[in-house]
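Printed here is work12.txt (compact mmCIF, C-alpha atoms):
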# COMPACT_ATOMS: atom_id res chain seq x y z
CA MET I 1 140.29 58.82 164.65
CA VAL I 2 136.84 57.59 163.78
CA THR I 3 137.09 55.12 160.95
CA SER I 4 134.27 53.44 159.11
CA SER I 5 133.90 50.46 156.86
CA CYS I 6 131.84 52.28 154.29
CA LEU I 7 132.64 49.63 151.78
CA LYS I 8 131.95 46.95 154.37
CA GLU I 9 128.47 48.35 154.80
CA SER I 10 127.70 46.72 151.50
CA GLU I 11 128.26 43.40 153.35
CA SER I 12 124.69 43.81 154.33
CA ASP I 13 121.17 42.58 154.35
CA CYS I 14 121.81 39.99 151.72
CA THR I 15 119.22 37.46 150.78
CA HIS I 16 121.28 34.70 152.34
CA THR I 17 122.24 31.86 150.08
CA GLU I 18 121.19 29.29 152.66
CA PHE I 19 117.63 30.59 152.46
CA THR I 20 117.14 30.69 148.69
CA LEU I 21 113.69 29.72 147.58
CA GLN I 22 113.36 26.55 145.58
CA THR I 23 111.46 27.01 142.36
CA GLN I 24 110.16 24.57 139.77
CA GLN I 25 112.74 23.82 137.07
CA ARG I 26 111.65 23.85 133.50
CA CYS I 27 112.40 20.66 131.58
CA GLY I 28 113.92 21.06 128.15
CA PHE I 29 112.26 17.96 126.69
CA ARG I 30 108.84 17.90 125.11
CA LYS I 31 106.21 16.14 127.12
CA VAL I 32 104.75 12.94 125.70
CA ALA I 33 101.05 13.30 125.03
CA LYS I 34 99.04 11.41 127.58
CA LYS I 35 96.71 8.72 126.37
CA VAL I 36 93.09 9.58 126.88
CA GLU I 37 91.57 6.88 129.02
CA PRO I 38 87.86 6.41 129.37
CA LYS I 39 86.47 7.76 132.57
CA LYS I 40 85.63 5.14 135.13
CA GLY I 41 81.98 4.68 135.88
CA VAL I 42 80.54 5.07 139.32
CA ALA I 43 80.17 1.29 139.82
CA GLU I 44 83.72 0.62 138.65
CA GLU I 45 85.08 3.27 141.03
CA ALA I 46 83.11 1.82 143.94
CA GLU I 47 84.42 -1.69 143.14
CA LEU I 48 88.02 -0.41 142.98
CA ASN I 49 87.68 1.42 146.29
CA GLU I 50 86.22 -1.71 147.92
CA ILE I 51 89.17 -3.82 146.73
CA LEU I 52 91.67 -1.24 148.02
CA HIS I 53 89.83 -1.05 151.33
CA LYS I 54 89.98 -4.85 151.78
CA LYS I 55 93.71 -4.86 151.06
CA GLY I 56 94.25 -1.95 153.43
CA VAL I 57 95.77 0.21 150.72
CA ALA I 58 94.79 3.86 150.48
CA PRO I 59 94.67 5.48 147.04
CA ALA I 60 97.67 7.71 146.29
CA PRO I 61 96.85 11.37 146.93
CA ASP I 62 97.24 13.95 144.20
CA PRO I 63 100.65 15.65 144.18
CA PRO I 64 100.57 19.03 145.98
CA THR I 65 100.49 22.11 143.82
CA PRO I 66 103.64 24.20 144.33
CA HIS I 67 102.98 27.49 146.11
CA VAL I 68 103.71 30.51 143.92
CA PRO I 69 103.74 33.81 145.87
CA ALA I 70 101.04 36.18 144.75
CA ARG I 71 102.39 39.41 143.33
CA SER I 72 99.85 41.54 145.14
CA PHE I 73 100.47 44.94 146.70
CA GLY I 74 97.41 44.39 148.87
CA ARG I 75 99.55 42.31 151.23
CA LEU I 76 101.65 45.40 151.92
CA VAL I 77 98.83 47.36 153.56
CA LYS I 78 99.38 45.79 156.97
CA PRO I 79 103.20 46.25 156.84
CA PHE I 80 102.66 49.89 155.81
CA VAL I 81 100.38 50.55 158.79
CA PHE I 82 102.86 48.75 161.06
CA THR I 83 105.71 50.91 159.72
CA ILE I 84 103.86 54.17 160.39
CA GLY I 85 102.65 53.08 163.81
CA PHE I 86 106.00 51.70 164.93
CA THR I 87 107.88 54.81 163.80
CA GLY I 88 105.49 57.05 165.72
CA CYS I 89 105.72 54.88 168.83
CA SER I 90 109.53 54.84 168.60
CA PHE I 91 109.89 58.61 168.60
CA GLY I 92 107.11 59.04 171.14
CA GLY I 93 108.75 56.54 173.45
CA ALA I 94 112.11 58.24 172.94
CA ALA I 95 110.63 61.60 173.98
CA ILE I 96 109.20 60.07 177.17
CA TRP I 97 112.49 58.27 177.82
CA GLN I 98 114.36 61.57 177.57
CA TYR I 99 111.91 63.20 179.99
CA GLU I 100 112.37 60.42 182.53
CA SER I 101 116.16 60.60 182.15
CA LEU I 102 116.15 64.31 182.91
CA LYS I 103 113.79 63.80 185.84
CA SER I 104 115.99 61.16 187.45
CA ARG I 105 119.29 62.96 186.85
CA VAL I 106 119.19 64.78 190.19
CA GLN I 107 118.45 61.58 192.11
CA SER I 108 121.19 59.72 190.27
CA TYR I 109 123.65 62.45 191.20
CA PHE I 110 123.09 61.81 194.92
CA ASP I 111 123.24 58.05 194.32
CA ASP I 112 126.63 58.46 192.64
CA VAL I 113 127.94 60.52 195.54
CA LYS I 114 126.81 57.86 197.99
CA ALA I 115 128.35 55.09 195.87
CA ASP I 116 131.69 56.94 195.73
CA TRP I 117 131.68 57.32 199.52
CA LEU I 118 130.95 53.61 200.03
CA GLU I 119 133.65 52.70 197.55
CA LYS I 120 136.23 54.62 199.58
CA ILE I 121 135.41 52.99 202.93
CA ARG I 122 134.96 49.47 201.49
CA PRO I 123 138.11 47.30 201.60
CA GLN I 124 139.51 46.89 198.08
CA LYS I 125 140.23 43.49 196.58
CA GLN I 126 143.17 42.90 194.32
CA GLY I 127 142.10 41.95 190.80
CA ASP I 128 138.41 42.56 191.51
CA LEU I 129 136.65 41.59 188.27
CA ARG I 130 133.66 43.79 188.95
CA LYS I 131 135.89 46.82 189.43
CA GLN I 132 137.70 46.12 186.17
CA VAL I 133 134.40 45.82 184.32
CA ASN I 134 133.22 49.11 185.82
CA GLN I 135 136.44 50.82 184.79
CA TRP I 136 136.06 49.50 181.24
CA TRP I 137 132.42 50.60 181.11
CA ASN I 138 133.21 54.08 182.39
CA SER I 139 135.92 54.45 179.76
CA LEU I 140 133.36 54.10 176.96
CA SER I 141 131.67 57.06 175.33
CA ASP I 142 127.90 57.55 175.61
CA GLY I 143 127.49 56.32 172.06
CA GLN I 144 129.49 53.17 172.66
CA LYS I 145 127.51 52.43 175.82
CA THR I 146 124.28 52.85 173.87
CA VAL I 147 125.17 50.49 171.02
CA THR I 148 126.59 47.86 173.39
CA GLY I 149 123.04 46.67 174.04
CA ILE I 150 122.33 46.50 170.30
CA ILE I 151 125.49 44.47 169.71
CA ALA I 152 124.61 42.10 172.57
CA ALA I 153 121.11 41.56 171.10
CA ASN I 154 122.60 40.76 167.69
CA ALA I 155 125.06 38.31 169.26
CA LEU I 156 122.22 36.57 171.13
CA VAL I 157 120.17 36.15 167.94
CA PHE I 158 123.28 34.91 166.12
CA CYS I 159 123.66 32.18 168.75
CA CYS I 160 119.99 31.24 168.40
CA TRP I 161 120.60 30.49 164.71
CA ARG I 162 122.99 27.73 165.87
CA VAL I 163 120.25 25.86 167.77
CA PRO I 164 118.70 23.27 165.40
CA SER I 165 115.35 23.19 167.20
CA LEU I 166 114.92 26.95 166.65
CA GLN I 167 115.59 26.96 162.91
CA ARG I 168 111.94 26.98 161.86
CA SER I 169 111.02 29.83 164.22
CA MET I 170 114.13 31.81 163.30
CA LEU I 171 113.38 31.53 159.61
CA LYS I 172 109.78 32.63 160.19
CA TYR I 173 110.28 35.56 162.55
CA PHE I 174 113.90 36.67 162.10
CA THR I 175 113.96 36.91 158.30
CA SER I 176 111.81 39.32 156.30
CA ASP I 177 109.97 38.10 153.22
CA PRO I 178 106.81 39.67 151.70
CA SER I 179 105.59 36.19 150.68
CA SER I 180 105.77 34.89 154.25
CA LYS I 181 102.76 34.51 156.52
CA ALA I 182 104.46 36.61 159.20
CA LEU I 183 104.90 40.10 157.77
CA CYS I 184 105.04 42.73 160.52
CA TRP I 185 107.22 41.62 163.43
CA PRO I 186 109.95 40.21 161.16
CA MET I 187 110.40 43.77 159.87
CA LEU I 188 111.86 44.63 163.28
CA LEU I 189 113.32 41.30 164.42
CA SER I 190 115.29 40.74 161.20
CA THR I 191 117.18 43.97 161.98
CA PHE I 192 118.87 42.08 164.85
CA SER I 193 119.40 38.88 162.87
CA HIS I 194 122.61 37.65 161.22
CA TYR I 195 123.42 34.13 160.09
CA SER I 196 127.02 34.80 159.04
CA LEU I 197 129.64 35.80 161.60
CA PHE I 198 131.41 38.01 159.05
CA HIS I 199 128.12 39.72 158.17
CA MET I 200 127.41 40.49 161.82
CA GLY I 201 130.99 41.55 162.54
CA ALA I 202 131.09 43.99 159.63
CA ASN I 203 127.76 45.57 160.53
CA MET I 204 128.56 45.88 164.22
CA TYR I 205 131.98 47.40 163.50
CA VAL I 206 130.40 50.14 161.37
CA LEU I 207 127.78 50.77 164.05
CA TRP I 208 130.48 50.97 166.75
CA SER I 209 132.58 53.34 164.60
CA PHE I 210 129.73 55.82 164.11
CA SER I 211 128.13 55.43 167.54
CA SER I 212 129.96 58.28 169.26
CA SER I 213 129.24 60.74 166.44
CA ILE I 214 125.55 59.93 166.09
CA VAL I 215 124.82 59.91 169.84
CA ASN I 216 126.72 63.16 170.42
CA MET I 217 124.71 64.65 167.59
CA MET I 218 121.26 63.38 168.61
CA GLY I 219 121.36 61.97 172.11
CA LYS I 220 120.82 58.32 172.94
CA GLU I 221 117.02 58.54 172.98
CA GLN I 222 116.66 60.11 169.54
CA PHE I 223 119.33 57.77 168.16
CA MET I 224 117.48 54.66 169.32
CA ALA I 225 114.26 55.94 167.75
CA LEU I 226 116.07 56.61 164.49
CA TYR I 227 117.80 53.22 164.50
CA LEU I 228 114.69 51.13 165.20
CA SER I 229 112.50 53.12 162.82
CA ALA I 230 115.10 52.89 160.07
CA GLY I 231 115.22 49.11 160.45
CA VAL I 232 111.46 48.82 159.91
CA ILE I 233 111.31 51.42 157.14
CA SER I 234 114.17 49.86 155.18
CA THR I 235 112.48 46.45 155.42
CA PHE I 236 109.23 47.93 154.09
CA VAL I 237 111.11 49.40 151.12
CA SER I 238 112.54 45.93 150.54
CA TYR I 239 109.00 44.49 150.62
CA VAL I 240 107.85 46.96 147.98
CA SER I 241 110.84 46.24 145.76
CA LYS I 242 110.49 42.46 145.97
CA THR I 243 106.75 42.62 145.32
CA ALA I 244 107.17 44.95 142.33
CA MET I 245 109.87 42.79 140.75
CA GLY I 246 108.35 39.46 141.72
CA ARG I 247 111.63 38.37 143.33
CA PHE I 248 110.67 36.93 146.68
CA GLY I 249 113.09 35.61 149.25
CA PRO I 250 114.11 36.06 152.87
CA SER I 251 116.45 38.86 153.96
CA LEU I 252 118.11 39.57 157.28
CA GLY I 253 120.66 41.90 158.83
CA ALA I 254 121.06 45.33 160.39
CA SER I 255 122.43 47.11 157.34
CA GLY I 256 119.25 49.06 156.60
CA ALA I 257 119.30 50.63 160.07
CA ILE I 258 123.08 51.13 159.97
CA MET I 259 122.80 52.81 156.57
CA ALA I 260 120.44 55.35 158.14
CA VAL I 261 123.00 56.06 160.89
CA LEU I 262 125.82 56.38 158.38
CA ALA I 263 123.74 58.60 156.09
CA ALA I 264 122.68 60.84 158.98
CA VAL I 265 126.29 61.41 160.11
CA CYS I 266 127.54 61.96 156.57
CA THR I 267 124.71 64.41 155.83
CA LYS I 268 125.30 66.35 159.04
CA MET I 269 129.10 66.39 158.68
CA PRO I 270 129.83 66.01 154.95
CA GLU I 271 133.40 67.31 155.25
CA ALA I 272 134.45 64.82 157.93
CA LYS I 273 137.36 62.59 156.92
CA LEU I 274 136.77 58.84 156.82
CA ALA I 275 139.02 55.91 156.04
CA ILE I 276 138.73 52.18 155.45
CA ILE I 277 140.16 50.06 158.25
CA PHE I 278 142.50 48.08 155.97
CA LEU I 279 143.56 51.15 153.97
CA PRO I 280 144.01 53.93 156.54
CA MET I 281 146.35 55.87 154.24
CA TYR I 282 143.47 56.63 151.85
CA THR I 283 140.96 59.13 153.22
CA PHE I 284 137.81 60.61 151.72
CA THR I 285 135.05 62.92 152.83
CA ALA I 286 131.86 61.61 154.40
CA GLY I 287 129.80 63.28 151.68
CA ASN I 288 131.66 61.46 148.90
CA ALA I 289 131.39 58.16 150.76
CA LEU I 290 127.62 58.56 151.05
CA LYS I 291 127.29 59.39 147.34
CA ALA I 292 129.32 56.32 146.38
CA ILE I 293 127.27 53.97 148.57
CA VAL I 294 123.94 55.35 147.31
CA ALA I 295 125.14 55.10 143.69
CA LEU I 296 126.28 51.50 144.21
CA ASP I 297 122.99 50.40 145.76
CA THR I 298 120.99 52.24 143.09
CA ALA I 299 122.91 50.42 140.37
CA GLY I 300 122.41 47.12 142.15
CA LEU I 301 118.67 47.71 142.44
CA ILE I 302 118.28 48.70 138.77
CA LEU I 303 120.48 45.90 137.43
CA GLY I 304 118.84 43.32 139.65
CA TRP I 305 121.87 42.22 141.67
CA ARG I 306 120.66 39.55 144.06
CA PHE I 307 123.53 39.13 146.53
CA PHE I 308 122.58 42.16 148.67
CA ASP I 309 119.21 43.67 149.53
CA HIS I 310 119.97 46.96 147.80
CA ALA I 311 116.41 48.25 148.25
CA ALA I 312 116.75 47.99 152.03
CA HIS I 313 120.09 49.84 151.87
CA LEU I 314 118.58 52.65 149.86
CA GLY I 315 115.53 52.83 152.10
CA GLY I 316 117.70 53.21 155.20
CA ALA I 317 120.05 55.74 153.60
CA LEU I 318 117.25 57.91 152.23
CA PHE I 319 115.47 57.87 155.58
CA GLY I 320 118.67 58.97 157.35
CA ILE I 321 119.17 61.81 154.86
CA TRP I 322 115.53 62.88 155.11
CA TYR I 323 115.56 62.85 158.89
CA ILE I 324 118.57 65.16 159.15
CA ILE I 325 117.22 67.61 156.58
CA TYR I 326 113.50 67.57 157.43
CA GLY I 327 112.56 64.90 159.98
CA HIS I 328 114.30 66.41 163.00
CA GLU I 329 112.31 69.62 162.60
CA LEU I 330 109.03 67.87 161.83
CA ILE I 331 109.19 65.11 164.46
CA TRP I 332 111.62 65.70 167.29
CA LYS I 333 111.16 69.44 167.72
CA ASN I 334 107.39 68.98 167.89
CA ARG I 335 107.49 66.49 170.77
CA GLU I 336 106.59 69.09 173.44
CA PRO I 337 102.80 68.40 173.48
CA LEU I 338 103.43 64.70 174.11
CA VAL I 339 106.00 65.44 176.81
CA LYS I 340 103.62 67.89 178.48
CA MET I 341 100.84 65.26 178.47
CA TRP I 342 103.21 62.75 180.04
CA HIS I 343 104.38 65.31 182.59
CA ASP I 344 100.78 66.04 183.61
CA PHE I 345 100.05 62.32 183.83
CA ARG I 346 103.12 61.71 186.01
CA SER I 347 102.27 64.65 188.22
CA ARG I 348 98.77 63.32 188.93
CA GLY I 349 100.03 59.76 189.43
CA PRO I 350 100.64 58.12 192.81
CA GLY I 351 103.89 59.06 194.49
CA ALA I 352 104.26 62.36 192.65
CA GLY I 353 105.90 64.86 194.90
CA GLY I 354 104.97 68.55 194.98
CA ASN I 355 103.83 69.89 191.67
CA GLY I 356 105.71 67.22 189.73
CA SER I 357 108.26 69.60 188.29
CA ILE I 358 111.58 68.27 187.12
Conversion result in structure tokens:
Amino acid sequence: MVTSSCLKESESDCTHTEFTLQTQQRCGFRKVAKKVEPKKGVAEEAELNEILHKKGVAPAPDPPTPHVPARSFGRLVKPFVFTIGFTGCSFGGAAIWQYESLKSRVQSYFDDVKADWLEKIRPQKQGDLRKQVNQWWNSLSDGQKTVTGIIAANALVFCCWRVPSLQRSMLKYFTSDPSSKALCWPMLLSTFSHYSLFHMGANMYVLWSFSSSIVNMMGKEQFMALYLSAGVISTFVSYVSKTAMGRFGPSLGASGAIMAVLAAVCTKMPEAKLAIIFLPMYTFTAGNALKAIVALDTAGLILGWRFFDHAAHLGGALFGIWYIIYGHELIWKNREPLVKMWHDFRSRGPGAGGNGSI
């Protein structure tokens, strides 16, 4: 039975407490009026500087002015262009990937036959680790095989957070913040970034639970395009929300992309029965689960709850719903011109056999 941590999904792209921005505190006491001192003359200043120079003492620099992020929507133009371009490239690349997969299927069939023949004549070793790994891998569904790479990437980034020398780079490129200097690539990289083990475990469990359903429904190529695009789109929605409210701070996690996967499955199969892992006796429909999660994140966004990035959750969920209802027809079913262009290009390329037909 496919179970999902729908409630765990809210353990998501939180603005992590270890990355809270430090702001100037307001003092409750009244400031004492400064005494107005006469301005030093040019000669007096020159004499003072000469004395300090002889003593080897440099004058104290002025205290730095604290940086206050500008509440400007103009900074969102580049992330908006990046979001549109990356989404288009994701689905275009997925269409080409599907074409190449179909083209190589015949060749892979003969390779598998040859591998099976070699396996039979090769002497078997007791407890062969490679054979056990292959048996485990072959026992997985297509969806589980597809998300295994995503889980491995998240685990690698999680380990990088534990390296002290990488902290500055991780904070810059693997957390998303509209007030940061790096705006575009963190929209994608933060989707694979988790600082908390529980946060990563909860997200990856939900992704693993829904992987078979979403890949059987879309195919691995379309799923990967949806997942990566949803990660960038949900981060852009978070940018807009933070800029509009003036609440800046870094966010990280895969929950925006996972919310799109969850929303897509629940929209496509609203009557499917789901359950929480710790309470398997209580079941509910996928449609009701989606409504509850959207309502919770909407309330969190309106009431200004700061523990989770509710705007990113909503952005991912709404994109998943939109894609199932409209996006599949508008984007994926209109990929034929691109595939035909790629087919013609491959047919004219070096090493193309015959007329290049699949």
Neighbour residues at most 10 Å from (109.7, 33.7, 160.9) (all atoms listed in the file) as a CSV table (one decimal) with C-alpha atoms, in the frame of the given file:
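Below you can see part.csv, which holds the result:
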chain,number,residue,atom,x,y,z
I,167,GLN,CA,115.6,27.0,162.9
I,168,ARG,CA,111.9,27.0,161.9
I,169,SER,CA,111.0,29.8,164.2
I,170,MET,CA,114.1,31.8,163.3
I,171,LEU,CA,113.4,31.5,159.6
I,172,LYS,CA,109.8,32.6,160.2
I,173,TYR,CA,110.3,35.6,162.6
I,174,PHE,CA,113.9,36.7,162.1
I,175,THR,CA,114.0,36.9,158.3
I,176,SER,CA,111.8,39.3,156.3
I,177,ASP,CA,110.0,38.1,153.2
I,180,SER,CA,105.8,34.9,154.2
I,181,LYS,CA,102.8,34.5,156.5
I,182,ALA,CA,104.5,36.6,159.2
I,183,LEU,CA,104.9,40.1,157.8
I,185,TRP,CA,107.2,41.6,163.4
I,186,PRO,CA,110.0,40.2,161.2
I,189,LEU,CA,113.3,41.3,164.4
I,190,SER,CA,115.3,40.7,161.2
I,250,PRO,CA,114.1,36.1,152.9
From the options I:Leu76, I:Val133, I:Leu226, I:Val237, which residue's atoms come nearest to Ser179 in chain I, counting all atoms listed in the file?
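Closest to Ser179 in chain I of all the choices is I:Leu76.
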Need the neighbours of (123.0, 60.1, 153.8): which residues are at most 7 Å away, counting all atoms listed in the file, as a list of chain:residue names? I:Ala260, I:Leu262, I:Ala263, I:Ala264, I:Cys266, I:Thr267, I:Leu290, I:Ala317, I:Leu318, I:Gly320, I:Ile321
Go ahead and write the residues just picked, C-alpha atoms, as an mmCIF file, keeping the file's coordinate frame.
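Ended up saving to result.cif:
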data_model
loop_
_atom_site.group_PDB
_atom_site.id
_atom_site.type_symbol
_atom_site.label_atom_id
_atom_site.label_comp_id
_atom_site.auth_asym_id
_atom_site.auth_seq_id
_atom_site.Cartn_x
_atom_site.Cartn_y
_atom_site.Cartn_z
ATOM 1 C CA ALA I 260 120.440 55.350 158.140
ATOM 2 C CA LEU I 262 125.820 56.380 158.380
ATOM 3 C CA ALA I 263 123.740 58.600 156.090
ATOM 4 C CA ALA I 264 122.680 60.840 158.980
ATOM 5 C CA CYS I 266 127.540 61.960 156.570
ATOM 6 C CA THR I 267 124.710 64.410 155.830
ATOM 7 C CA LEU I 290 127.620 58.560 151.050
ATOM 8 C CA ALA I 317 120.050 55.740 153.600
ATOM 9 C CA LEU I 318 117.250 57.910 152.230
ATOM 10 C CA GLY I 320 118.670 58.970 157.350
ATOM 11 C CA ILE I 321 119.170 61.810 154.860
#
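Note that the spacing between CA of Leu188 in chain I and CA of Gly315 in chain I amounts to 14.3 Å.
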Using only C-alpha atoms, the best pick from I:Asn288, I:Thr83, I:Thr146, I:Gln135 as closest to Gln222 in chain I would be I:Thr146
Atom pair CA of Lys242 in chain I / CA of Arg75 in chain I: separation (Å):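 Separation between CA of Lys242 in chain I and CA of Arg75 in chain I: 12.1 Å.
Across the model, the gap from CA of Ala292 in chain I to CA of Met224 in chain I is 25.9 Å.
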Check the smallest atom-to-atom distance from each of I:Gly93, I:Gly74, I:Pro164, I:Gly316 to Tyr227 in chain I using only C-alpha atoms, then report the winner.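 Closest candidate: I:Gly316.
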Query raised in the report: Which is closer to Thr235 in chain I than all the others in I:Phe319, I:Phe345, I:Trp97, I:Trp137, using all atoms listed in the file?
Result: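 Selected residue with least distance to Thr235 in chain I: I:Phe319.
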With distances taken over only C-alpha atoms, the candidate from I:Val240, I:Ala275, I:Ser104, I:Ala299 nearest Val77 in chain I is I:Val240
Q) From the set I:Met269, I:Cys184, I:Ile277, I:Ala95, which residue has the shortest atom-to-atom contact distance to Ala202 in chain I, counting all atoms listed in the file? A)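 Closest to Ala202 in chain I, using all atoms listed in the file: I:Ile277.
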Within 7 Å of range 306-313 of chain I, which residues of range 222-277 of chain I show up? Give each one with its shortest atom-to-atom distance in Å (one decimal) and the two atoms involved, counting only C-alpha atoms, rows by chain then rising residue number, as JSON lines.
{"residue": "I:Ser234", "atom": "CA", "partner": "I:Ala312", "partner_atom": "CA", "distance": 4.5}
{"residue": "I:Thr235", "atom": "CA", "partner": "I:Ala312", "partner_atom": "CA", "distance": 5.7}
{"residue": "I:Val237", "atom": "CA", "partner": "I:Ala312", "partner_atom": "CA", "distance": 5.9}
{"residue": "I:Ser238", "atom": "CA", "partner": "I:Ala312", "partner_atom": "CA", "distance": 4.9}
{"residue": "I:Ser241", "atom": "CA", "partner": "I:Ala311", "partner_atom": "CA", "distance": 6.4}
{"residue": "I:Ser255", "atom": "CA", "partner": "I:His313", "partner_atom": "CA", "distance": 6.5}
{"residue": "I:Gly256", "atom": "CA", "partner": "I:His313", "partner_atom": "CA", "distance": 4.9}
{"residue": "I:Met259", "atom": "CA", "partner": "I:His313", "partner_atom": "CA", "distance": 6.2}
What's around Leu228 in chain I at 9 Å? Count all atoms listed in the file, leave out sequence neighbours fewer than 4 positions away in its own chain, and write the answer as JSON, numbers by chain.
{"I": [86, 87, 90, 188, 191, 223, 224, 232, 233, 257]}
